[in-house]
Amino acid sequence: MDHNILYIIGTFFISMGCGFVAIPLIVKFCKKKELYDHPDQRKVHKCSVPRLGGICFIPSMLISSVIMVSVFNQNVVNNEITISLWSVYFFVSLMLVYGVGLIDDIVSLRPLTKLVVQVIAASLLPAASLYINNMYGFLGIHEIPYWVGAPLTVLVIVFIDNAMNLIDGIDGLSAGLSLIALAGFLFCFAREGVVTYSILIAGLMGVLVSFLYFNLFGDRHKRGLKIFMGDSGSLTLGFILGFLFVKFSMFNPSVMPFRKDSLMLSCTLLAIPILDVCRIVIVRMLHRKPLFGADKNHIHHKLMRAGLSQHQALATVLLLALLFIAANYIVFGLMYFSMIVVMDIAIWLVFHAVVDVFIRRRGQAVFSNGTDNG
């Protein structure tokens with residue numbers, strides 16, 4: 001196990017190094033080609049920012065992972081690297097999502113076009129027999145057949161993919177939530193001794209750390225190295241997290257033993273983007289607004305209307321994500337999975353109610369003073 005930890009740590013630092021080398025070059029390229037994310041009415045930033053930071057996510061992850069997986073296989077399985085069918089399908093589907101995100105960053109695509117590609121990419125995984133096959137007692141449901149699990153898997157992956165894309169509204173939020181979720185999945189796979197997945201996850205985490213540095217603090221650099229991940233980043237992160245959700249939730253005794261907390265942990269690690277998008281969709285349906293339209297009603301937007309800065313809103317959401325993880329992990333042995341979901345929804349609604357109170361108070365103060373200094 002000590003050697004496995006070294007492989008994981010090595011992958012992390014190699015990928016982080018790749019990010020620190022690649023991102024300044026990407027910023028320079030974006031400035032040369034004028035590839036910017038321009039501010040508008042629904043966006044928070046006030047000036048144009050390069051938007052292709054997500055380009056380096058997959059290359060950095062793969063370079064670092066291939067190096068470490070090669071070392072791992074040389075030491076463990078006599079230089080033979082076995083590639084399964086689902087691995088090939090996953091790589092193809094990942095490239096589809098990565099490609100459509102990159103194209104959208106450069107020339108902009110219609111939401112429907114991106115959705116169709118996401119559905120096609122997600123459908124390749126059940127085709128390779130990778131699908132959710134157990135609900136672990138949620139709503140009293142346990143094992144489910146392929147004809148139910150396959151479409152459910154596609155729905156889950158596409159939903160998570162879009163959730164991570166939609167929540168990418170302020171500096172560091174999508175990357176920060178992804179980093180927390182990836183750290184959780186890394187722990188889950190590592191505790192089962194599944195080293196290959198752990199190495200891949202560590203590779204993605206490494207480049208995310210370097211991206212967060214430039215995304216949060218790049219504007220303080222003399223060369224102005226601030227950058228956004230763009231759809232090539234957020235859609236890629238969402239698809240990988242959706243895949244990890246399904247992979248860890250699927251009961252496959254040849255990979256991992258049965259663990260009754262598998263689905264609960266997967267949902268918990270992605271609780272914030274899942275709950276945020278569910279709320280947004282319900283609100284838009286109630287107000288008869290387009291489901292794929294853009295607005296400023298996400299949790300981070302509300303926190304900023306309540307008076308928080310971007311970084312304060314970021315810290316609040318990340319702390320809330322950690323709260324969900326801690327609370328769910330503690331009460332899992334005391335409550336049924338269905339009750340934990342109800343508890344999470346209640347916490348989410350109470351949190352929004354509290355934020356709404358602060359928004360109303362701030363609005364009344366602004367009205368009374370006749371000015372808004374926020």
# chains A, B, ... in the order shown; residues from 1 in each chain; ligands from 1
call {"tool": "residues_around", "arguments": {"residues": "Lys28 in chain A", "least_positions_apart": "2", "cutoff": "12 Å", "atoms": "only C-alpha atoms", "output": "list in words"}}
result
Val21, Ala22, Ile23, Pro24, Leu25, Ile26, Cys30, Lys31, Lys32, Lys33, Glu34, Leu35, Tyr36, Val49, Pro50, Arg51, Leu52, Gly53, Arg223, Gly224, Leu225, Lys226 and Ile227 of chain A
call {"tool": "write_last_selection", "arguments": {"atoms": "C-alpha atoms", "output": "mmCIF file, in the first residue's frame"}}
result
data_model
loop_
_atom_site.group_PDB
_atom_site.id
_atom_site.type_symbol
_atom_site.label_atom_id
_atom_site.label_comp_id
_atom_site.auth_asym_id
_atom_site.auth_seq_id
_atom_site.Cartn_x
_atom_site.Cartn_y
_atom_site.Cartn_z
ATOM 1 C CA VAL A 21 3.691 24.853 -17.486
ATOM 2 C CA ALA A 22 0.721 24.653 -19.868
ATOM 3 C CA ILE A 23 -1.694 27.272 -18.512
ATOM 4 C CA PRO A 24 0.541 30.358 -19.055
ATOM 5 C CA LEU A 25 1.062 29.149 -22.630
ATOM 6 C CA ILE A 26 -2.701 28.764 -23.083
ATOM 7 C CA CYS A 30 -5.880 33.016 -26.077
ATOM 8 C CA LYS A 31 -4.690 36.606 -25.963
ATOM 9 C CA LYS A 32 -3.044 36.245 -29.361
ATOM 10 C CA LYS A 33 -6.179 34.748 -30.933
ATOM 11 C CA GLU A 34 -8.553 36.920 -28.855
ATOM 12 C CA LEU A 35 -10.355 33.918 -27.384
ATOM 13 C CA TYR A 36 -12.045 35.562 -24.408
ATOM 14 C CA VAL A 49 -10.860 36.729 -19.566
ATOM 15 C CA PRO A 50 -9.193 33.909 -21.592
ATOM 16 C CA ARG A 51 -11.498 30.885 -21.506
ATOM 17 C CA LEU A 52 -9.588 27.786 -22.640
ATOM 18 C CA GLY A 53 -8.109 26.646 -19.327
ATOM 19 C CA ARG A 223 1.583 39.096 -16.974
ATOM 20 C CA GLY A 224 -2.118 38.808 -16.187
ATOM 21 C CA LEU A 225 -2.501 35.017 -16.183
ATOM 22 C CA LYS A 226 -6.108 34.759 -15.017
ATOM 23 C CA ILE A 227 -8.075 32.159 -16.996
#
call {"tool": "select_by_dssp", "arguments": {"residues": "range 17-169 of chain A", "states": "strand (DSSP E or B)", "output": "list in words"}}
result
Tyr36, Asp37, Val49, Pro50, Asn134 and Glu143 of chain A
call {"tool": "residues_around", "arguments": {"residues": "range 324-332 of chain A", "least_positions_apart": "3", "cutoff": "6 Å", "atoms": "only C-alpha atoms", "output": "list in words"}}
result
Thr268, Ala321 and Met335 of chain A
call {"tool": "atom_distance", "arguments": {"atom1": "CA of Ile274 in chain A", "atom2": "CA of Cys47 in chain A"}}
result
29.5 Å
call {"tool": "select_by_dssp", "arguments": {"residues": "range 111-250 of chain A", "states": "alpha helix (DSSP H)", "output": "PyMOL selection string"}}
result
chain A and resi 111-127+146-166+173-191+195-217+230-249
call {"tool": "closest_residue", "arguments": {"among": "A:Tyr98, A:Phe211, A:Trp86, A:Phe185", "to": "Leu237 in chain A", "atoms": "only C-alpha atoms"}}
result
A:Tyr98
call {"tool": "closest_residue", "arguments": {"among": "A:Arg279, A:Leu322, A:Lys289, A:Gly233", "to": "Ile58 in chain A", "atoms": "only C-alpha atoms"}}
result
A:Gly233
call {"tool": "residues_around", "arguments": {"residues": "Phe90 in chain A", "least_positions_apart": "3", "cutoff": "9 Å", "atoms": "only C-alpha atoms", "output": "PDB file with N, CA and C atoms, in the first residue's frame"}}
result
ATOM      1  N   LEU A  85     -12.876  -3.374 -22.497  1.00  0.00           N
ATOM      2  CA  LEU A  85     -13.752  -2.771 -23.495  1.00  0.00           C
ATOM      3  C   LEU A  85     -14.338  -1.459 -22.995  1.00  0.00           C
ATOM      4  N   TRP A  86     -14.770  -1.445 -21.718  1.00  0.00           N
ATOM      5  CA  TRP A  86     -15.379  -0.224 -21.209  1.00  0.00           C
ATOM      6  C   TRP A  86     -14.352   0.904 -21.140  1.00  0.00           C
ATOM      7  N   SER A  87     -13.062   0.564 -20.952  1.00  0.00           N
ATOM      8  CA  SER A  87     -12.018   1.594 -20.927  1.00  0.00           C
ATOM      9  C   SER A  87     -11.928   2.293 -22.279  1.00  0.00           C
ATOM     10  N   SER A  93     -15.895   8.223 -25.413  1.00  0.00           N
ATOM     11  CA  SER A  93     -16.961   9.115 -24.943  1.00  0.00           C
ATOM     12  C   SER A  93     -16.383  10.378 -24.310  1.00  0.00           C
ATOM     13  N   LEU A  94     -15.289  10.228 -23.568  1.00  0.00           N
ATOM     14  CA  LEU A  94     -14.645  11.386 -22.956  1.00  0.00           C
ATOM     15  C   LEU A  94     -14.128  12.347 -24.020  1.00  0.00           C
ATOM     16  N   MET A  95     -13.549  11.809 -25.086  1.00  0.00           N
ATOM     17  CA  MET A  95     -13.048  12.657 -26.166  1.00  0.00           C
ATOM     18  C   MET A  95     -14.190  13.385 -26.882  1.00  0.00           C
ATOM     19  N   ALA A 121     -22.378  10.203 -25.905  1.00  0.00           N
ATOM     20  CA  ALA A 121     -21.196   9.816 -25.132  1.00  0.00           C
ATOM     21  C   ALA A 121     -21.580   8.984 -23.920  1.00  0.00           C
ATOM     22  N   ALA A 122     -22.612   9.422 -23.199  1.00  0.00           N
ATOM     23  CA  ALA A 122     -23.039   8.688 -22.004  1.00  0.00           C
ATOM     24  C   ALA A 122     -23.592   7.307 -22.355  1.00  0.00           C
ATOM     25  N   LEU A 124     -22.531   5.256 -24.524  1.00  0.00           N
ATOM     26  CA  LEU A 124     -21.481   4.280 -24.806  1.00  0.00           C
ATOM     27  C   LEU A 124     -21.109   3.455 -23.573  1.00  0.00           C
ATOM     28  N   LEU A 125     -21.276   4.019 -22.381  1.00  0.00           N
ATOM     29  CA  LEU A 125     -20.880   3.296 -21.170  1.00  0.00           C
ATOM     30  C   LEU A 125     -21.797   2.106 -20.871  1.00  0.00           C
ATOM     31  N   ALA A 128     -21.062  -0.783 -22.968  1.00  0.00           N
ATOM     32  CA  ALA A 128     -19.904  -1.573 -22.550  1.00  0.00           C
ATOM     33  C   ALA A 128     -20.161  -2.244 -21.198  1.00  0.00           C
ATOM     34  N   PHE A 243     -19.022   9.607 -14.638  1.00  0.00           N
ATOM     35  CA  PHE A 243     -18.475   8.260 -14.815  1.00  0.00           C
ATOM     36  C   PHE A 243     -18.063   7.653 -13.475  1.00  0.00           C
TER      37      PHE A 243
END
call {"tool": "decode", "arguments": {"residues": "range 260-339 of chain A", "atoms": "C-alpha atoms", "output": "CSV table (one decimal), in the first residue's frame"}}
result
chain,number,residue,atom,x,y,z
A,260,LYS,CA,-24.0,-0.5,1.1
A,261,ASP,CA,-22.7,3.1,1.2
A,262,SER,CA,-21.6,3.2,-2.4
A,263,LEU,CA,-24.5,5.1,-3.9
A,264,MET,CA,-24.9,7.3,-0.8
A,265,LEU,CA,-21.3,8.4,-0.9
A,266,SER,CA,-21.5,9.0,-4.7
A,267,CYS,CA,-24.5,11.3,-4.2
A,268,THR,CA,-23.0,13.0,-1.2
A,269,LEU,CA,-19.8,13.9,-3.0
A,270,LEU,CA,-21.8,15.7,-5.7
A,271,ALA,CA,-24.6,17.0,-3.4
A,272,ILE,CA,-24.2,20.7,-4.1
A,273,PRO,CA,-24.3,20.6,-7.9
A,274,ILE,CA,-27.1,18.0,-7.9
A,275,LEU,CA,-29.3,20.0,-5.4
A,276,ASP,CA,-28.5,23.3,-7.1
A,277,VAL,CA,-29.6,22.2,-10.6
A,278,CYS,CA,-32.7,20.3,-9.2
A,279,ARG,CA,-33.8,23.6,-7.5
A,280,ILE,CA,-33.1,25.6,-10.7
A,281,VAL,CA,-35.0,23.2,-12.9
A,282,ILE,CA,-38.0,23.2,-10.5
A,283,VAL,CA,-38.0,27.0,-10.2
A,284,ARG,CA,-37.8,27.4,-14.0
A,285,MET,CA,-40.7,24.9,-14.5
A,286,LEU,CA,-42.9,26.7,-11.9
A,287,HIS,CA,-42.2,30.1,-13.6
A,288,ARG,CA,-42.5,28.5,-17.1
A,289,LYS,CA,-39.1,29.6,-18.1
A,290,PRO,CA,-36.8,27.7,-20.6
A,291,LEU,CA,-35.0,24.9,-18.8
A,292,PHE,CA,-31.8,25.6,-20.8
A,293,GLY,CA,-31.9,29.3,-20.4
A,294,ALA,CA,-29.3,31.2,-18.4
A,295,ASP,CA,-30.1,33.2,-15.2
A,296,LYS,CA,-28.5,34.4,-12.0
A,297,ASN,CA,-30.5,32.2,-9.6
A,298,HIS,CA,-27.8,29.7,-8.7
A,299,ILE,CA,-26.6,29.4,-5.1
A,300,HIS,CA,-23.5,31.4,-5.7
A,301,HIS,CA,-25.5,34.2,-7.3
A,302,LYS,CA,-27.8,34.4,-4.3
A,303,LEU,CA,-24.9,34.5,-1.9
A,304,MET,CA,-23.4,37.4,-3.7
A,305,ARG,CA,-26.8,39.2,-3.7
A,306,ALA,CA,-26.8,38.6,0.1
A,307,GLY,CA,-23.6,40.7,0.2
A,308,LEU,CA,-20.7,38.2,-0.1
A,309,SER,CA,-17.8,38.7,-2.4
A,310,GLN,CA,-16.9,36.1,-5.0
A,311,HIS,CA,-14.3,34.5,-2.8
A,312,GLN,CA,-16.6,34.6,0.2
A,313,ALA,CA,-19.3,32.9,-1.8
A,314,LEU,CA,-16.9,30.3,-3.0
A,315,ALA,CA,-15.7,29.5,0.5
A,316,THR,CA,-19.3,29.3,1.8
A,317,VAL,CA,-20.4,26.8,-0.9
A,318,LEU,CA,-17.2,24.7,-0.5
A,319,LEU,CA,-17.8,24.6,3.3
A,320,LEU,CA,-21.4,23.6,2.7
A,321,ALA,CA,-20.2,20.7,0.5
A,322,LEU,CA,-17.9,19.5,3.2
A,323,LEU,CA,-20.8,19.8,5.7
A,324,PHE,CA,-22.9,17.5,3.6
A,325,ILE,CA,-20.1,15.0,3.3
A,326,ALA,CA,-19.4,15.0,7.1
A,327,ALA,CA,-23.1,14.9,8.1
A,328,ASN,CA,-24.1,12.1,5.7
A,329,TYR,CA,-21.1,10.0,6.6
A,330,ILE,CA,-21.8,10.3,10.3
A,331,VAL,CA,-25.5,9.5,10.1
A,332,PHE,CA,-25.3,6.7,7.5
A,333,GLY,CA,-25.3,4.0,10.1
A,334,LEU,CA,-28.2,5.6,12.0
A,335,MET,CA,-30.5,6.4,9.1
A,336,TYR,CA,-31.8,4.8,5.9
A,337,PHE,CA,-30.4,6.2,2.7
A,338,SER,CA,-33.9,7.6,1.7
A,339,MET,CA,-34.0,9.5,5.0
